[in-house]
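Let me begin by presenting the structure, written as structure tokens, before commenting on it.
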Amino acid sequence: MKRKIVKRAAAMLLTMVMVCASLAGCSGKDQKGTGNETVGKNAEESSEKRAMGRFLEEEVDTDIVFGNIMDMKKLENGTLRIIGSNADDEMNSVWDSKDQGANWEKVYDFPAEIQDSDEGYADRGALSADGKAVCVYNKNEHGSGIKPILYLLDQNGSAAPLAFELPASKGETAQGKMIMGITFAGSDQLLVKDETDKIFQINIGDGSVKHTYEFDGSIDTHQVYAAGKKMIVFTSTEALVYDTETGEQLPLEESLQQGLAEAGLFHSVDSMDGGESIYCLSGGGLYHYKFGGSVMEQLIDSKMNSMGAPAFYPIALTMVDEENFLVAANDSNSSSPTGVALLKYSYDADIPAKPDKELRVYSLYENREMRQSISRFQKEHADIFVNYQAAMSEENGMNVSDALKTLTTEIMAGKGPDLMILDGMPVETYIEKGILKDLSSLIGEEGSYFEDILKTYEDEQGQLCAAPARFMIPMIQAGSAYYTPGEDFDTFTGRKDALANMEPRSVVEKFWYTCGAAWRKSDGTLDAAKITEFLTKLKDAYGTYDHSLDDEETGVHMTMDGNTEEIGKLSFSHGNFELAFGRINVNIGLFSNMDYGMMTAVNKKLDHGDYGLMPGQAEHVFVPAMILGINSKSSQTETAEAFVKYLFSQDSQNISQSGGLPVEKEAFCSVIDGHQCEGKENLFCVGGVEDEILDYAMEPTPEEEIKKLTDLVESLNTPAFRDDVIKDVVAEQGEKVLKGEINPKEATDAIIQKVNIYLAE
């Protein structure tokens, strides 16, 4: 069995918005005209100058359920070939297509001796232009590790081992070394990369090593490709080219280097002219580069298709011709049951190079579900380009307050976005000022959604000026010594050291969601007594701060890509490992997906472990997420409405990137039921320090657990306070309390002072 290791904008400014520009939104007056006339006129005047031609994407229905695609190649005779595995019969096989990928037929199965079994497994393969194949078979040496063996397969599928073994590094043995990459260099040589990023160029006839290329894989991984008589090595920062005849590095291709810097790491490469030029695929799209050239040309912008989606990981690129190519990819949101998909891209000279309509979408934080939904939506709406911008990133260093002031200025100038994700923003204030349009007509059939969550921002007139497409649940998991399901905030915080050894700011931020909702008074100000109580009880449960946590090497710090507070250190899932191995006593955070196997594995490590709603000063709290609002001043309201409709459709709701649970009931069940694990026996391992390993089976969620979680969601009726300016003030002062730098009363005074200044702006 294989094991895989694996804030609120200034009220004064908002008032100025109302003075400077009439807004036809919720709580505002109806206005005639939206500015569409000017937009339409400009579009008409410029239509004759519009650039034409664009690649369109479609997913290929192969009738094969690929478990894996190792490589894909266009052969010398024009046939397209795939080497990989069939998830239905669990066989490693080779398939051909003679009609540019429309239909595929099996050529042969691997011989029995190199099929996956208890004796070993094949995990990598490569194809040559003349039809040969090579695979890496990892043989189980039963007690002495894994031995990788290269097998060469001819046109008929007959296999023979190559006379090559990975050599031992100095001072080490070859035993246990793994092959991490393989590709043909022509038809008679292979480029083989080991786990140290050393590359061996070998002759397939006798297994002899022609050239060895050494790199420091501990600094950056090296992706290896071949084109004609060139070897191209990409890292995240370098583009290196070698002559495979001499083994010498060729002069630096500055335009290729610049292209890498702009496009990002290239994941797949192909050539159609014997290596004179290459086509490269990255998260930025498809690029073409002619060696010795002065520019790297972008042929496809990934923002207009699946290539830029968070769940899209390319495996192989095959150019059929200059106007058609195929991409094999892992895409968990594709129609493929295994997530291994084949996509075809074809050039259409009769459509605009850039879609006729542009919809501007804005959020404070990067939202992966939005990225994925944009990819799907644009695939069905080729005339619409969704331009999504997240304001905050590690690169720009912007904070929430500054981002919201900039947003307000743009809205005042009539340059604001068409659609906003309002997470972390003062939603109620925007509604009161008429910035947002009513969305109630855009939502699907009543009863299909969790109504208390969906109607979080519904006013007395029944207008839905903002609506969460997703939500998160503040959750807790612990052994019985520190938590009992259903207990209140007083009981939980009454336990000494319940929150010991946790990152102080993170603790305050997490409990903000279950407590902050209880602080707001009817006049909009905060209840100082409640805040003092909150900080006092958290300090009691936290105990004495351990200053060794200041050391990044020993502290519990969790990071993720993007600047999304919900998906970073506040996520419930990122404390599992620390809880299981006793470095923290409870795991708390925002629950946004169901990993039953992991939750069960952690519970087994605890004394009567269980999970439930995180205690707080407010009860039955949920966190509205992916809160959608249409700018009432937008010139693209119809397009924005169409997109919002899609975002509440089951197709979009089914997307799961751990950024929130679907508000649509059927999609919610689909996300938590673990159906993707049905019939699989894979184990998942999480490794940590000192050889700590947490094993668990990837399995469907039992019906009783689905019902337990669904009933829990049905009980949620208190929305968390989503104003990140206030949250950040609370977190800043609360951290000082838990570290023992100030007392709760001093922190409360500072919070009230700063928040009052903010509310008065």
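Naming works like this for the structure tokens: A, B, ... for the chains as they're shown, residue 1 at the start of each chain, ligands 1 onward in shown order.
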
Please provide as an mmCIF file with N, CA and C atoms, in the first residue's frame all residues within 7 Å of A:Trp95, with the sequence filter that same-chain residues fewer than 2 positions apart are discarded (counting only C-alpha atoms).
```cif
data_model
loop_
_atom_site.group_PDB
_atom_site.id
_atom_site.type_symbol
_atom_site.label_atom_id
_atom_site.label_comp_id
_atom_site.auth_asym_id
_atom_site.auth_seq_id
_atom_site.Cartn_x
_atom_site.Cartn_y
_atom_site.Cartn_z
ATOM 1 N N ARG A 81 -0.053 10.475 -27.349
ATOM 2 C CA ARG A 81 0.072 9.317 -26.461
ATOM 3 C C ARG A 81 0.110 9.760 -25.005
ATOM 4 N N ILE A 82 -0.523 8.964 -24.157
ATOM 5 C CA ILE A 82 -0.545 9.200 -22.708
ATOM 6 C C ILE A 82 -0.051 7.952 -22.006
ATOM 7 N N ILE A 83 0.780 8.153 -20.994
ATOM 8 C CA ILE A 83 1.165 7.071 -20.099
ATOM 9 C C ILE A 83 0.669 7.438 -18.708
ATOM 10 N N SER A 93 -1.115 1.945 -17.781
ATOM 11 C CA SER A 93 -1.350 1.683 -19.197
ATOM 12 C C SER A 93 -0.859 2.824 -20.066
ATOM 13 N N TRP A 104 -9.693 8.275 -27.413
ATOM 14 C CA TRP A 104 -8.501 7.583 -26.941
ATOM 15 C C TRP A 104 -8.743 6.076 -26.888
ATOM 16 N N GLU A 105 -7.715 5.328 -27.283
ATOM 17 C CA GLU A 105 -7.776 3.868 -27.226
ATOM 18 C C GLU A 105 -6.539 3.330 -26.510
ATOM 19 N N LYS A 106 -6.736 2.280 -25.728
ATOM 20 C CA LYS A 106 -5.605 1.692 -25.027
ATOM 21 C C LYS A 106 -4.684 0.992 -26.017
ATOM 22 N N VAL A 107 -3.380 1.225 -25.859
ATOM 23 C CA VAL A 107 -2.372 0.547 -26.675
ATOM 24 C C VAL A 107 -1.899 -0.713 -25.963
#
```

key: Backbone DSSP call of strand (DSSP E or B) for stretch 437-481 of chain A, listed as a PyMOL selection string   = chain A and resi 449+458+464+467-478

Review point. Can you list, as a VMD selection string, every residue of stretch 351-560 of chain A that DSSP puts in alpha helix (DSSP H)?
Key: chain A and resid 368 to 380 400 to 412 427 to 432 451 to 454 489 to 493 504 to 515 528 to 542

Mind checking which residues fall within 12 Å of A:Asp216, counting only C-alpha atoms, ignoring those fewer than 5 positions away in the same chain, and posting them as a PyMOL selection string?
-> chain A and resi 194-199+221-222+235

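Atom CA of A:Glu76 to atom CA of A:Asp243 spans 22.5 Å [interatomic distance, one decimal].
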
As a check of understanding: the span from atom CA of A:Val644 to atom CA of A:Met370 is 10.9 Å

Mind dumping a table of every stretch 387-455 of chain A residue within 12 Å of stretch 509-525 of chain A, with the nearest atom pair and its distance in Å to one decimal, using only C-alpha atoms, sorted by chain and rising number, as JSON lines?
```
{"residue": "A:Gly424", "atom": "CA", "partner": "A:Tyr513", "partner_atom": "CA", "distance": 11.6}
{"residue": "A:Pro426", "atom": "CA", "partner": "A:Gly524", "partner_atom": "CA", "distance": 11.7}
{"residue": "A:Glu428", "atom": "CA", "partner": "A:Gly524", "partner_atom": "CA", "distance": 10.6}
{"residue": "A:Thr429", "atom": "CA", "partner": "A:Gly524", "partner_atom": "CA", "distance": 10.5}
```

Export, as a PDB file, in the first residue's frame, the selected residues with C-alpha atoms.
```pdb
ATOM      1  CA  GLY A 424     -13.618  42.107   7.182  1.00  0.00           C
ATOM      2  CA  PRO A 426     -18.183  47.279   7.922  1.00  0.00           C
ATOM      3  CA  GLU A 428     -23.872  47.300   7.995  1.00  0.00           C
ATOM      4  CA  THR A 429     -22.428  50.782   7.402  1.00  0.00           C
TER       5      THR A 429
END
```

Might you pull out every residue within 12 Å of A:Ile443, with only C-alpha atoms counted and same-chain residues fewer than 3 positions away left off, and present them as a ChimeraX atom specification? /A:438-440,446-449,451,454-455,463-469,628,641-650,663-664

For the residues selected in the previous step, produce a file with N, CA, C and O atoms as a tab-separated table (two decimals), in the first residue's frame.
```tsv
chain	number	residue	atom	x	y	z
A	438	ASP	N	-29.79	45.52	-3.68
A	438	ASP	CA	-30.56	44.39	-3.15
A	438	ASP	C	-30.27	43.14	-3.99
A	438	ASP	O	-30.36	43.15	-5.22
A	439	LEU	N	-29.94	42.06	-3.33
A	439	LEU	CA	-29.61	40.80	-4.01
A	439	LEU	C	-30.73	39.76	-3.93
A	439	LEU	O	-30.57	38.66	-4.46
A	440	SER	N	-31.81	40.08	-3.26
A	440	SER	CA	-32.81	39.06	-2.94
A	440	SER	C	-33.36	38.33	-4.16
A	440	SER	O	-33.70	37.14	-4.08
A	446	GLU	N	-36.01	29.19	-2.14
A	446	GLU	CA	-36.02	29.27	-0.68
A	446	GLU	C	-36.14	27.87	-0.10
A	446	GLU	O	-36.88	27.04	-0.59
A	447	GLY	N	-35.40	27.62	0.94
A	447	GLY	CA	-35.38	26.29	1.53
A	447	GLY	C	-34.17	25.49	1.11
A	447	GLY	O	-33.84	24.47	1.72
A	448	SER	N	-33.50	25.94	0.06
A	448	SER	CA	-32.31	25.23	-0.41
A	448	SER	C	-31.07	25.66	0.36
A	448	SER	O	-30.02	25.03	0.21
A	449	TYR	N	-31.19	26.72	1.14
A	449	TYR	CA	-30.04	27.28	1.84
A	449	TYR	C	-30.27	27.26	3.35
A	449	TYR	O	-31.40	27.12	3.83
A	451	GLU	N	-31.06	29.27	5.97
A	451	GLU	CA	-31.69	30.59	5.90
A	451	GLU	C	-31.13	31.58	6.91
A	451	GLU	O	-30.96	32.76	6.60
A	454	LEU	N	-27.86	32.67	5.34
A	454	LEU	CA	-28.06	33.40	4.09
A	454	LEU	C	-28.60	34.80	4.34
A	454	LEU	O	-28.20	35.77	3.69
A	455	LYS	N	-29.53	34.95	5.29
A	455	LYS	CA	-30.21	36.22	5.53
A	455	LYS	C	-29.58	37.03	6.67
A	455	LYS	O	-30.25	37.82	7.32
A	463	GLN	N	-34.97	43.41	2.11
A	463	GLN	CA	-33.89	43.57	1.16
A	463	GLN	C	-32.64	42.85	1.65
A	463	GLN	O	-32.30	42.89	2.83
A	464	LEU	N	-31.99	42.20	0.74
A	464	LEU	CA	-30.78	41.45	1.04
A	464	LEU	C	-29.62	42.15	0.32
A	464	LEU	O	-29.27	41.82	-0.80
A	465	CYS	N	-29.06	43.14	1.01
A	465	CYS	CA	-28.06	43.98	0.36
A	465	CYS	C	-26.66	43.40	0.42
A	465	CYS	O	-25.75	43.91	-0.22
A	466	ALA	N	-26.50	42.37	1.15
A	466	ALA	CA	-25.26	41.60	1.19
A	466	ALA	C	-25.64	40.19	1.62
A	466	ALA	O	-26.59	40.01	2.39
A	467	ALA	N	-24.92	39.22	1.13
A	467	ALA	CA	-25.26	37.83	1.48
A	467	ALA	C	-24.00	36.99	1.49
A	467	ALA	O	-23.19	37.05	0.56
A	468	PRO	N	-23.81	36.19	2.53
A	468	PRO	CA	-22.65	35.30	2.56
A	468	PRO	C	-22.89	34.06	1.69
A	468	PRO	O	-23.87	33.35	1.86
A	469	ALA	N	-21.99	33.81	0.76
A	469	ALA	CA	-22.08	32.60	-0.04
A	469	ALA	C	-21.51	31.41	0.73
A	469	ALA	O	-21.77	30.26	0.38
A	628	LEU	N	-21.05	38.70	-0.29
A	628	LEU	CA	-21.12	39.36	-1.59
A	628	LEU	C	-21.98	40.61	-1.55
A	628	LEU	O	-23.05	40.63	-0.94
A	641	GLU	N	-24.83	40.85	-11.44
A	641	GLU	CA	-25.96	40.04	-10.98
A	641	GLU	C	-25.88	38.62	-11.53
A	641	GLU	O	-26.15	37.64	-10.81
A	642	ALA	N	-25.48	38.48	-12.79
A	642	ALA	CA	-25.34	37.15	-13.38
A	642	ALA	C	-24.27	36.35	-12.64
A	642	ALA	O	-24.43	35.15	-12.40
A	643	PHE	N	-23.20	37.02	-12.29
A	643	PHE	CA	-22.12	36.33	-11.58
A	643	PHE	C	-22.55	35.94	-10.16
A	643	PHE	O	-22.24	34.85	-9.69
A	644	VAL	N	-23.27	36.83	-9.48
A	644	VAL	CA	-23.75	36.50	-8.14
A	644	VAL	C	-24.70	35.31	-8.18
A	644	VAL	O	-24.63	34.41	-7.33
A	645	LYS	N	-25.57	35.28	-9.19
A	645	LYS	CA	-26.44	34.12	-9.35
A	645	LYS	C	-25.62	32.84	-9.45
A	645	LYS	O	-25.94	31.82	-8.84
A	646	TYR	N	-24.55	32.90	-10.24
A	646	TYR	CA	-23.70	31.73	-10.38
A	646	TYR	C	-23.04	31.35	-9.05
A	646	TYR	O	-22.95	30.17	-8.70
A	647	LEU	N	-22.58	32.34	-8.29
A	647	LEU	CA	-21.89	32.07	-7.04
A	647	LEU	C	-22.79	31.39	-6.02
A	647	LEU	O	-22.29	30.71	-5.10
A	648	PHE	N	-24.10	31.55	-6.16
A	648	PHE	CA	-25.04	30.85	-5.28
A	648	PHE	C	-25.60	29.58	-5.91
A	648	PHE	O	-26.41	28.89	-5.29
A	649	SER	N	-25.15	29.26	-7.10
A	649	SER	CA	-25.59	28.02	-7.74
A	649	SER	C	-24.84	26.83	-7.14
A	649	SER	O	-23.77	26.97	-6.55
A	650	GLN	N	-25.40	25.66	-7.33
A	650	GLN	CA	-24.78	24.47	-6.77
A	650	GLN	C	-23.40	24.20	-7.38
A	650	GLN	O	-22.50	23.71	-6.71
A	663	VAL	N	-23.27	27.64	1.73
A	663	VAL	CA	-24.53	28.00	2.38
A	663	VAL	C	-25.69	27.23	1.77
A	663	VAL	O	-26.77	27.15	2.35
A	664	GLU	N	-25.46	26.62	0.61
A	664	GLU	CA	-26.47	25.79	-0.04
A	664	GLU	C	-26.38	24.39	0.55
A	664	GLU	O	-25.30	23.81	0.66
```

Mind checking which residues fall within 12 Å of A:Ala625, counting only C-alpha atoms, ignoring those fewer than 6 positions away in the same chain, and posting them as an MDAnalysis selection string?
-> chainID A and resid 363 365 367 369:370 421:425 427 453:454 456 466:473 564:567 590:592 658:663 719:722

For A:Ser271, find every residue with an atom within 8 Å (counting only C-alpha atoms), except residues of its own chain fewer than 5 positions away, and show them as a list of chain:residue names.
A:Ala227, A:Gly228, A:Glu276, A:Ser277, A:Ile278, A:Tyr279, A:Met319

Go ahead and write the selection's residues with all heavy atoms as an mmCIF file, in the first residue's frame.
```
data_model
loop_
_atom_site.group_PDB
_atom_site.id
_atom_site.type_symbol
_atom_site.label_atom_id
_atom_site.label_comp_id
_atom_site.auth_asym_id
_atom_site.auth_seq_id
_atom_site.Cartn_x
_atom_site.Cartn_y
_atom_site.Cartn_z
ATOM 1 N N ALA A 227 14.391 19.818 -24.840
ATOM 2 C CA ALA A 227 13.871 20.311 -26.106
ATOM 3 C C ALA A 227 14.995 20.205 -27.123
ATOM 4 O O ALA A 227 15.997 20.918 -27.019
ATOM 5 C CB ALA A 227 13.385 21.750 -25.978
ATOM 6 N N GLY A 228 14.849 19.298 -28.084
ATOM 7 C CA GLY A 228 15.925 19.071 -29.036
ATOM 8 C C GLY A 228 17.168 18.622 -28.308
ATOM 9 O O GLY A 228 17.154 17.667 -27.534
ATOM 10 N N GLU A 276 14.264 24.620 -31.165
ATOM 11 C CA GLU A 276 14.600 26.004 -31.484
ATOM 12 C C GLU A 276 13.804 26.976 -30.623
ATOM 13 O O GLU A 276 14.230 28.103 -30.362
ATOM 14 C CB GLU A 276 14.326 26.284 -32.965
ATOM 15 C CG GLU A 276 15.221 25.520 -33.921
ATOM 16 C CD GLU A 276 16.689 25.881 -33.755
ATOM 17 O OE1 GLU A 276 16.988 27.088 -33.623
ATOM 18 O OE2 GLU A 276 17.517 24.954 -33.738
ATOM 19 N N SER A 277 12.634 26.534 -30.187
ATOM 20 C CA SER A 277 11.788 27.345 -29.309
ATOM 21 C C SER A 277 11.036 26.420 -28.377
ATOM 22 O O SER A 277 10.972 25.205 -28.595
ATOM 23 C CB SER A 277 10.806 28.202 -30.115
ATOM 24 O OG SER A 277 9.844 27.385 -30.763
ATOM 25 N N ILE A 278 10.477 26.984 -27.320
ATOM 26 C CA ILE A 278 9.725 26.190 -26.353
ATOM 27 C C ILE A 278 8.424 26.893 -25.981
ATOM 28 O O ILE A 278 8.328 28.121 -26.021
ATOM 29 C CB ILE A 278 10.534 25.920 -25.064
ATOM 30 C CG1 ILE A 278 11.088 27.232 -24.475
ATOM 31 C CG2 ILE A 278 11.632 24.893 -25.319
ATOM 32 C CD1 ILE A 278 11.816 27.056 -23.152
ATOM 33 N N TYR A 279 7.427 26.089 -25.656
ATOM 34 C CA TYR A 279 6.168 26.550 -25.087
ATOM 35 C C TYR A 279 6.191 26.176 -23.611
ATOM 36 O O TYR A 279 6.518 25.034 -23.260
ATOM 37 C CB TYR A 279 4.980 25.901 -25.781
ATOM 38 C CG TYR A 279 4.811 26.331 -27.220
ATOM 39 C CD1 TYR A 279 5.526 25.697 -28.249
ATOM 40 C CD2 TYR A 279 3.946 27.371 -27.556
ATOM 41 C CE1 TYR A 279 5.381 26.093 -29.568
ATOM 42 C CE2 TYR A 279 3.791 27.774 -28.882
ATOM 43 C CZ TYR A 279 4.516 27.135 -29.878
ATOM 44 O OH TYR A 279 4.372 27.538 -31.179
ATOM 45 N N MET A 319 1.811 20.273 -27.402
ATOM 46 C CA MET A 319 1.399 21.122 -28.514
ATOM 47 C C MET A 319 1.020 20.236 -29.688
ATOM 48 O O MET A 319 1.833 19.459 -30.201
ATOM 49 C CB MET A 319 2.528 22.070 -28.909
ATOM 50 C CG MET A 319 3.006 23.003 -27.808
ATOM 51 S SD MET A 319 1.717 24.093 -27.137
ATOM 52 C CE MET A 319 1.246 25.008 -28.627
#
```

- Task: For atom CA of A:Tyr611 and atom CA of A:Met599, determine how far apart the two atoms are, in Å to one decimal place.
- Result: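 Computing the Euclidean distance for atom CA of A:Tyr611 and atom CA of A:Met599 yields 8.6 Å.
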
A:His211 surroundings by only C-alpha atoms, 9 Å radius, close-in-sequence under 2 positions cut, as a PyMOL selection string
chain A and resi 199-202+209+213+244-247
